>>> print(open('protein_31.csv').read())   # CSV, C-alpha atoms
chain,number,residue,atom,x,y,z
A,1,MET,CA,-2.9,38.6,29.8
A,2,GLY,CA,-6.1,37.1,28.6
A,3,VAL,CA,-6.5,33.6,27.3
A,4,THR,CA,-7.4,33.3,23.7
A,5,SER,CA,-10.4,31.0,23.3
A,6,ARG,CA,-10.6,28.7,20.3
A,7,ILE,CA,-13.8,27.6,18.6
A,8,PRO,CA,-13.9,23.8,18.3
A,9,VAL,CA,-13.8,22.6,14.7
A,10,ASP,CA,-16.1,19.7,13.7
A,11,GLY,CA,-13.9,18.0,11.1
A,12,GLU,CA,-16.5,15.3,10.3
A,13,ARG,CA,-19.2,17.9,9.6
A,14,TYR,CA,-17.0,19.9,7.3
A,15,ALA,CA,-15.9,16.8,5.5
A,16,ALA,CA,-19.5,15.7,5.0
A,17,GLU,CA,-20.4,19.1,3.6
A,18,ALA,CA,-17.4,19.0,1.2
A,19,HIS,CA,-18.5,15.5,0.0
A,20,ARG,CA,-22.0,16.9,-0.6
A,21,LEU,CA,-20.5,19.5,-3.0
A,22,LEU,CA,-18.3,17.0,-4.9
A,23,PRO,CA,-20.7,16.1,-7.7
A,24,GLY,CA,-20.8,19.8,-8.7
A,25,ILE,CA,-17.0,19.9,-8.8
A,26,LEU,CA,-16.8,16.8,-10.9
A,27,ARG,CA,-19.4,18.0,-13.4
A,28,GLU,CA,-17.6,21.3,-14.0
A,29,PRO,CA,-14.5,21.7,-16.2
A,30,PRO,CA,-11.3,20.8,-14.3
A,31,THR,CA,-9.9,23.5,-12.0
A,32,LEU,CA,-7.1,23.8,-9.5
A,33,ASP,CA,-9.7,24.5,-6.8
A,34,GLY,CA,-11.5,21.3,-7.6
A,35,LEU,CA,-8.3,19.3,-7.6
A,36,GLN,CA,-7.3,20.9,-4.3
A,37,SER,CA,-10.6,20.1,-2.7
A,38,LEU,CA,-10.3,16.4,-3.7
A,39,LEU,CA,-6.8,16.1,-2.3
A,40,MET,CA,-7.7,17.9,1.0
A,41,LEU,CA,-10.5,15.4,1.5
A,42,ALA,CA,-8.1,12.5,0.6
A,43,LEU,CA,-5.6,13.7,3.2
A,44,TYR,CA,-8.4,14.0,5.8
A,45,HIS,CA,-9.6,10.4,5.1
A,46,THR,CA,-6.0,9.1,4.9
A,47,LEU,CA,-5.4,10.3,8.4
A,48,SER,CA,-8.7,8.9,9.6
A,49,GLY,CA,-8.0,5.5,8.0
A,50,ASP,CA,-10.9,5.5,5.6
A,51,SER,CA,-9.1,3.8,2.6
A,52,ARG,CA,-12.3,3.3,0.7
A,53,SER,CA,-13.0,7.1,0.5
A,54,VAL,CA,-9.4,7.8,-0.3
A,55,ASP,CA,-9.5,5.3,-3.2
A,56,ILE,CA,-12.5,7.1,-4.7
A,57,LEU,CA,-11.1,10.6,-4.2
A,58,ILE,CA,-7.6,9.7,-5.6
A,59,GLY,CA,-9.2,8.1,-8.7
A,60,ASN,CA,-11.1,11.4,-9.4
A,61,ALA,CA,-8.1,13.5,-8.5
A,62,THR,CA,-6.0,11.5,-11.0
A,63,ARG,CA,-8.5,12.2,-13.7
A,64,LEU,CA,-8.3,16.0,-13.0
A,65,ILE,CA,-4.5,15.9,-12.9
A,66,PHE,CA,-4.3,14.3,-16.4
A,67,MET,CA,-6.9,16.8,-17.7
A,68,LEU,CA,-5.0,19.7,-16.3
A,69,GLY,CA,-1.6,18.4,-17.4
A,70,GLY,CA,-0.2,18.2,-13.9
A,71,ASN,CA,1.5,14.8,-14.6
A,72,LEU,CA,4.0,16.7,-16.8
A,73,CYS,CA,6.8,19.0,-15.9
A,74,TYR,CA,6.3,22.3,-17.8
A,75,GLU,CA,9.8,23.7,-17.0
A,76,ASP,CA,10.7,21.9,-20.3
A,77,THR,CA,10.1,24.5,-23.0
A,78,ASP,CA,10.4,21.8,-25.7
A,79,LEU,CA,7.4,19.9,-24.4
A,80,ILE,CA,5.0,18.9,-27.2
A,81,SER,CA,1.2,19.3,-27.0
A,82,PRO,CA,0.7,20.9,-23.6
A,83,SER,CA,-2.7,20.8,-21.9
A,84,PRO,CA,-5.0,23.5,-23.3
A,85,THR,CA,-6.1,24.2,-19.7
A,86,LEU,CA,-2.5,24.6,-18.6
A,87,SER,CA,-1.6,27.0,-21.3
A,88,ASN,CA,-4.0,29.5,-19.6
A,89,LEU,CA,-2.4,29.2,-16.2
A,90,SER,CA,0.2,31.5,-14.8
A,91,SER,CA,3.6,30.2,-13.9
A,92,ARG,CA,2.7,30.3,-10.2
A,93,ALA,CA,-0.4,28.3,-10.9
A,94,ARG,CA,1.6,25.7,-12.9
A,95,TYR,CA,4.0,25.5,-9.9
A,96,HIS,CA,1.1,24.9,-7.6
A,97,LEU,CA,-0.4,22.3,-9.9
A,98,ARG,CA,2.9,20.3,-9.9
A,99,ASN,CA,2.9,20.4,-6.1
A,100,LEU,CA,-0.7,19.1,-6.1
A,101,PHE,CA,0.4,16.3,-8.5
A,102,TRP,CA,3.1,15.2,-6.0
A,103,ILE,CA,0.6,15.2,-3.1
A,104,CYS,CA,-1.7,13.0,-5.2
A,105,TYR,CA,1.3,10.8,-6.1
A,106,VAL,CA,2.3,10.3,-2.5
A,107,LEU,CA,-1.3,9.5,-1.4
A,108,ASP,CA,-1.7,7.1,-4.3
A,109,LYS,CA,1.4,5.1,-3.3
A,110,GLU,CA,0.4,5.2,0.4
A,111,LEU,CA,-3.0,3.7,-0.6
A,112,PHE,CA,-1.2,0.9,-2.5
A,113,LEU,CA,0.7,0.0,0.7
A,114,ARG,CA,-2.5,0.0,2.8
A,115,THR,CA,-4.8,-1.9,0.4
A,116,GLY,CA,-2.5,-3.6,-2.2
A,117,ARG,CA,-4.6,-2.3,-5.1
A,118,PRO,CA,-2.7,-1.0,-8.2
A,119,PRO,CA,-1.8,2.8,-8.1
A,120,SER,CA,-3.9,5.1,-10.2
A,121,LEU,CA,-0.9,7.2,-11.3
A,122,SER,CA,1.3,5.1,-13.5
A,123,ASP,CA,5.0,6.2,-13.6
A,124,ASP,CA,4.9,5.6,-17.4
A,125,ASP,CA,2.4,8.4,-17.8
A,126,CYS,CA,4.1,10.9,-15.4
A,127,ASP,CA,7.2,13.1,-15.4
A,128,LEU,CA,8.8,12.4,-12.1
A,129,THR,CA,11.2,15.3,-12.1
A,130,LEU,CA,11.4,16.5,-8.5
A,131,PRO,CA,10.3,20.0,-7.7
A,132,MET,CA,13.0,22.7,-8.0
A,133,GLY,CA,14.7,23.2,-4.6
A,134,TYR,CA,13.4,19.8,-3.2
A,135,SER,CA,16.1,18.3,-1.0
A,136,ASN,CA,17.0,14.6,-0.8
A,137,SER,CA,18.1,15.2,2.8
A,138,LEU,CA,15.5,14.6,5.5
A,139,ILE,CA,17.4,17.1,7.8
A,140,ASP,CA,16.9,19.8,5.2
A,141,GLN,CA,13.2,19.2,5.2
A,142,ILE,CA,12.8,20.0,8.9
A,143,PRO,CA,10.9,23.3,9.0
A,144,PRO,CA,13.0,26.3,10.3
A,145,GLN,CA,12.0,28.4,13.3
A,146,PRO,CA,8.9,30.6,12.8
A,147,SER,CA,11.1,33.7,12.7
A,148,ALA,CA,12.6,32.5,9.4
A,149,GLY,CA,11.2,34.1,6.3
A,150,PRO,CA,9.0,32.1,3.9
A,151,GLU,CA,11.8,31.8,1.4
A,152,ALA,CA,13.8,29.8,4.0
A,153,ARG,CA,11.0,27.2,4.3
A,154,PRO,CA,11.5,23.9,2.4
A,155,LEU,CA,8.9,22.2,0.3
A,156,LEU,CA,7.0,19.8,2.5
A,157,PHE,CA,4.9,16.8,1.4
A,158,PRO,CA,3.2,14.0,3.4
A,159,THR,CA,6.4,11.9,2.9
A,160,ASP,CA,9.7,12.0,1.1
A,161,LEU,CA,9.0,12.0,-2.6
A,162,ASN,CA,11.9,9.6,-3.2
A,163,VAL,CA,10.3,7.0,-1.0
A,164,SER,CA,7.0,7.2,-2.9
A,165,ILE,CA,8.9,6.8,-6.2
A,166,ILE,CA,10.7,3.7,-4.8
A,167,THR,CA,7.3,2.4,-3.5
A,168,SER,CA,5.9,2.7,-7.1
A,169,ARG,CA,8.9,0.8,-8.4
A,170,ILE,CA,8.2,-1.9,-5.9
A,171,TYR,CA,4.7,-2.3,-7.2
A,172,ARG,CA,5.8,-2.4,-10.8
A,173,SER,CA,8.7,-4.8,-10.1
A,174,LEU,CA,7.0,-7.2,-7.7
A,175,PHE,CA,3.2,-6.9,-7.7
A,176,SER,CA,2.1,-5.9,-11.2
A,177,VAL,CA,0.7,-8.5,-13.7
A,178,LYS,CA,4.0,-8.4,-15.6
A,179,ALA,CA,6.0,-9.0,-12.4
A,180,LEU,CA,3.9,-12.1,-11.6
A,181,ARG,CA,5.3,-13.7,-14.7
A,182,LYS,CA,8.9,-13.3,-13.5
A,183,SER,CA,11.0,-16.4,-12.7
A,184,ASP,CA,12.4,-16.9,-9.2
A,185,ALA,CA,15.8,-15.8,-10.4
A,186,GLU,CA,14.4,-12.6,-11.9
A,187,LEU,CA,12.5,-11.9,-8.7
A,188,LEU,CA,15.6,-12.3,-6.6
A,189,ARG,CA,17.6,-10.0,-8.9
A,190,THR,CA,14.7,-7.4,-8.7
A,191,ILE,CA,14.6,-7.6,-4.9
A,192,ARG,CA,18.4,-7.0,-4.7
A,193,GLU,CA,18.0,-4.0,-7.0
A,194,LEU,CA,15.2,-2.5,-4.9
A,195,ASP,CA,17.2,-3.1,-1.8
A,196,GLU,CA,20.1,-1.1,-3.4
A,197,ASP,CA,17.7,1.7,-4.2
A,198,LEU,CA,16.5,1.8,-0.6
A,199,GLU,CA,20.1,1.9,0.7
A,200,LYS,CA,21.0,4.7,-1.7
A,201,TRP,CA,18.0,6.7,-0.4
A,202,LYS,CA,18.9,6.0,3.2
A,203,VAL,CA,22.4,7.2,2.7
A,204,GLY,CA,21.3,10.3,0.8
A,205,ALA,CA,18.6,11.1,3.3
A,206,CYS,CA,21.1,11.1,6.2
A,207,ASP,CA,23.8,13.2,4.4
>>> encode(input="protein_31.csv", output="structure tokens")
Amino acid sequence: MGVTSRIPVDGERYAAEAHRLLPGILREPPTLDGLQSLLMLALYHTLSGDSRSVDILIGNATRLIFMLGGNLCYEDTDLISPSPTLSNLSSRARYHLRNLFWICYVLDKELFLRTGRPPSLSDDDCDLTLPMGYSNSLIDQIPPQPSAGPEARPLLFPTDLNVSIITSRIYRSLFSVKALRKSDAELLRTIRELDEDLEKWKVGACD
């Protein structure tokens, strides 16, 4: 049996070429492909520890998400004033857009943990309804064997979405300008509430 040779991939060269094309993406009307490109680069730089590049990419990705309407959950048929761009997308494209929103949300909160800078995606401007079929159990998120069909595979994100939501709550409750004006008693109460949220997540993740 012959050995299959693999062509080495120069990730840095591909990333540099993608960066070279970014101005053209940002000048054009917002598209899923453009948003996807920004997030792929943000993931690459997150893994390589380049927080400065991630910050710039997430800022631009956030702008596209709001322009496309990915910050809202369009399973709600009573939603008012949907994005004009979104109204032209198929249901499959809308589903993909929401998944891209969650990837951006996760990376945005990860960046806050690494740098301490305020998140770009504010919870007040986002519908945080979890994707349909998303499990709170970490065990259920483990990918099945390759022989399993695609319908058996869970939705996978860089981290548990519930943890990112709690991380965002930690920023708003302890590090935002409003939080800095809290009294010591209010801060202690807030810390206890956040601790309870983490405990609930831990219990749910292990069920």
>>> closest_residue(input="protein_31.csv", among="A:Tyr44, A:Tyr134, A:Phe101, A:Tyr95", to="A:Ile65", atoms="all atoms listed in the file")
A:Phe101
>>> atom_distance(input="protein_31.csv", atom1="atom CA of A:Asp195", atom2="atom CA of A:Glu110")
18.9 Å
>>> atom_distance(input="protein_31.csv", atom1="atom CA of A:Thr31", atom2="atom CA of A:Asp108")
19.9 Å
>>> closest_residue(input="protein_31.csv", among="A:Leu32, A:Leu161, A:Val177, A:Val54", to="A:Arg114", atoms="all atoms listed in the file")
A:Val54
>>> closest_residue(input="protein_31.csv", among="A:Leu194, A:Leu121, A:Leu22, A:Leu38", to="A:Tyr105", atoms="all atoms listed in the file")
A:Leu121
>>> closest_residue(input="protein_31.csv", among="A:Ala16, A:Leu47, A:Ala93, A:Leu174", to="A:Pro158", atoms="all atoms listed in the file")
A:Leu47
>>> closest_residue(input="protein_31.csv", among="A:Asn71, A:Asn60, A:Ser51, A:Thr46", to="A:Arg27", atoms="only C-alpha atoms")
A:Asn60
>>> closest_residue(input="protein_31.csv", among="A:Ser91, A:Thr115, A:Ser183, A:Ser37", to="A:Ile25", atoms="only C-alpha atoms")
A:Ser37
>>> atom_distance(input="protein_31.csv", atom1="atom CA of A:Gly133", atom2="atom CA of A:Trp201")
17.3 Å
>>> residues_near_point(input="protein_31.csv", point="(0.6, 16.6, 1.9)", cutoff="10 Å", atoms="all atoms listed in the file", output="ChimeraX atom specification")
/A:39-40,42-43,99-100,102-107,156-159
>>> residues_around(input="protein_31.csv", residues="A:Pro119", least_positions_apart="4", cutoff="8 Å", atoms="all atoms listed in the file", output="PyMOL selection string")
chain A and resi 108-109+111-112+168
>>> build_atoms(input="protein_31.csv", residues="stretch 170-184 of chain A", atoms="N, CA, C and O atoms", output="compact mmCIF listing (two decimals), in the coordinates of the input")
# COMPACT_ATOMS: atom_id res chain seq x y z
N ILE A 170 8.49 -0.62 -6.51
CA ILE A 170 8.20 -1.90 -5.90
C ILE A 170 6.97 -2.55 -6.41
O ILE A 170 6.94 -3.76 -6.71
N TYR A 171 5.93 -1.74 -6.58
CA TYR A 171 4.70 -2.30 -7.20
C TYR A 171 4.94 -2.84 -8.55
O TYR A 171 4.57 -3.99 -8.86
N ARG A 172 5.55 -2.02 -9.42
CA ARG A 172 5.80 -2.40 -10.80
C ARG A 172 6.66 -3.67 -10.89
O ARG A 172 6.45 -4.55 -11.73
N SER A 173 7.66 -3.75 -10.00
CA SER A 173 8.70 -4.80 -10.10
C SER A 173 8.24 -6.11 -9.44
O SER A 173 8.72 -7.18 -9.83
N LEU A 174 7.33 -6.03 -8.44
CA LEU A 174 7.00 -7.20 -7.70
C LEU A 174 5.52 -7.61 -7.67
O LEU A 174 5.19 -8.78 -7.46
N PHE A 175 4.62 -6.65 -7.89
CA PHE A 175 3.20 -6.90 -7.70
C PHE A 175 2.35 -6.74 -8.97
O PHE A 175 1.18 -7.13 -8.97
N SER A 176 2.87 -6.12 -10.01
CA SER A 176 2.10 -5.90 -11.20
C SER A 176 1.88 -7.26 -11.94
O SER A 176 2.54 -8.27 -11.64
N VAL A 177 0.97 -7.28 -12.91
CA VAL A 177 0.70 -8.50 -13.70
C VAL A 177 1.99 -8.96 -14.38
O VAL A 177 2.30 -10.16 -14.42
N LYS A 178 2.74 -8.01 -14.92
CA LYS A 178 4.00 -8.40 -15.60
C LYS A 178 4.98 -8.99 -14.62
O LYS A 178 5.69 -9.95 -14.95
N ALA A 179 5.03 -8.46 -13.39
CA ALA A 179 6.00 -9.00 -12.40
C ALA A 179 5.61 -10.40 -11.97
O ALA A 179 6.49 -11.20 -11.64
N LEU A 180 4.32 -10.72 -11.99
CA LEU A 180 3.90 -12.10 -11.60
C LEU A 180 4.39 -13.15 -12.51
O LEU A 180 4.41 -14.33 -12.14
N ARG A 181 4.81 -12.75 -13.70
CA ARG A 181 5.30 -13.70 -14.70
C ARG A 181 6.83 -13.91 -14.58
O ARG A 181 7.41 -14.66 -15.37
N LYS A 182 7.47 -13.23 -13.64
CA LYS A 182 8.90 -13.30 -13.50
C LYS A 182 9.30 -14.68 -12.89
O LYS A 182 8.57 -15.23 -12.07
N SER A 183 10.47 -15.15 -13.29
CA SER A 183 11.00 -16.40 -12.70
C SER A 183 11.54 -16.06 -11.29
O SER A 183 11.71 -14.89 -10.93
N ASP A 184 11.83 -17.12 -10.52
CA ASP A 184 12.40 -16.90 -9.20
C ASP A 184 13.71 -16.16 -9.25
O ASP A 184 14.00 -15.29 -8.41
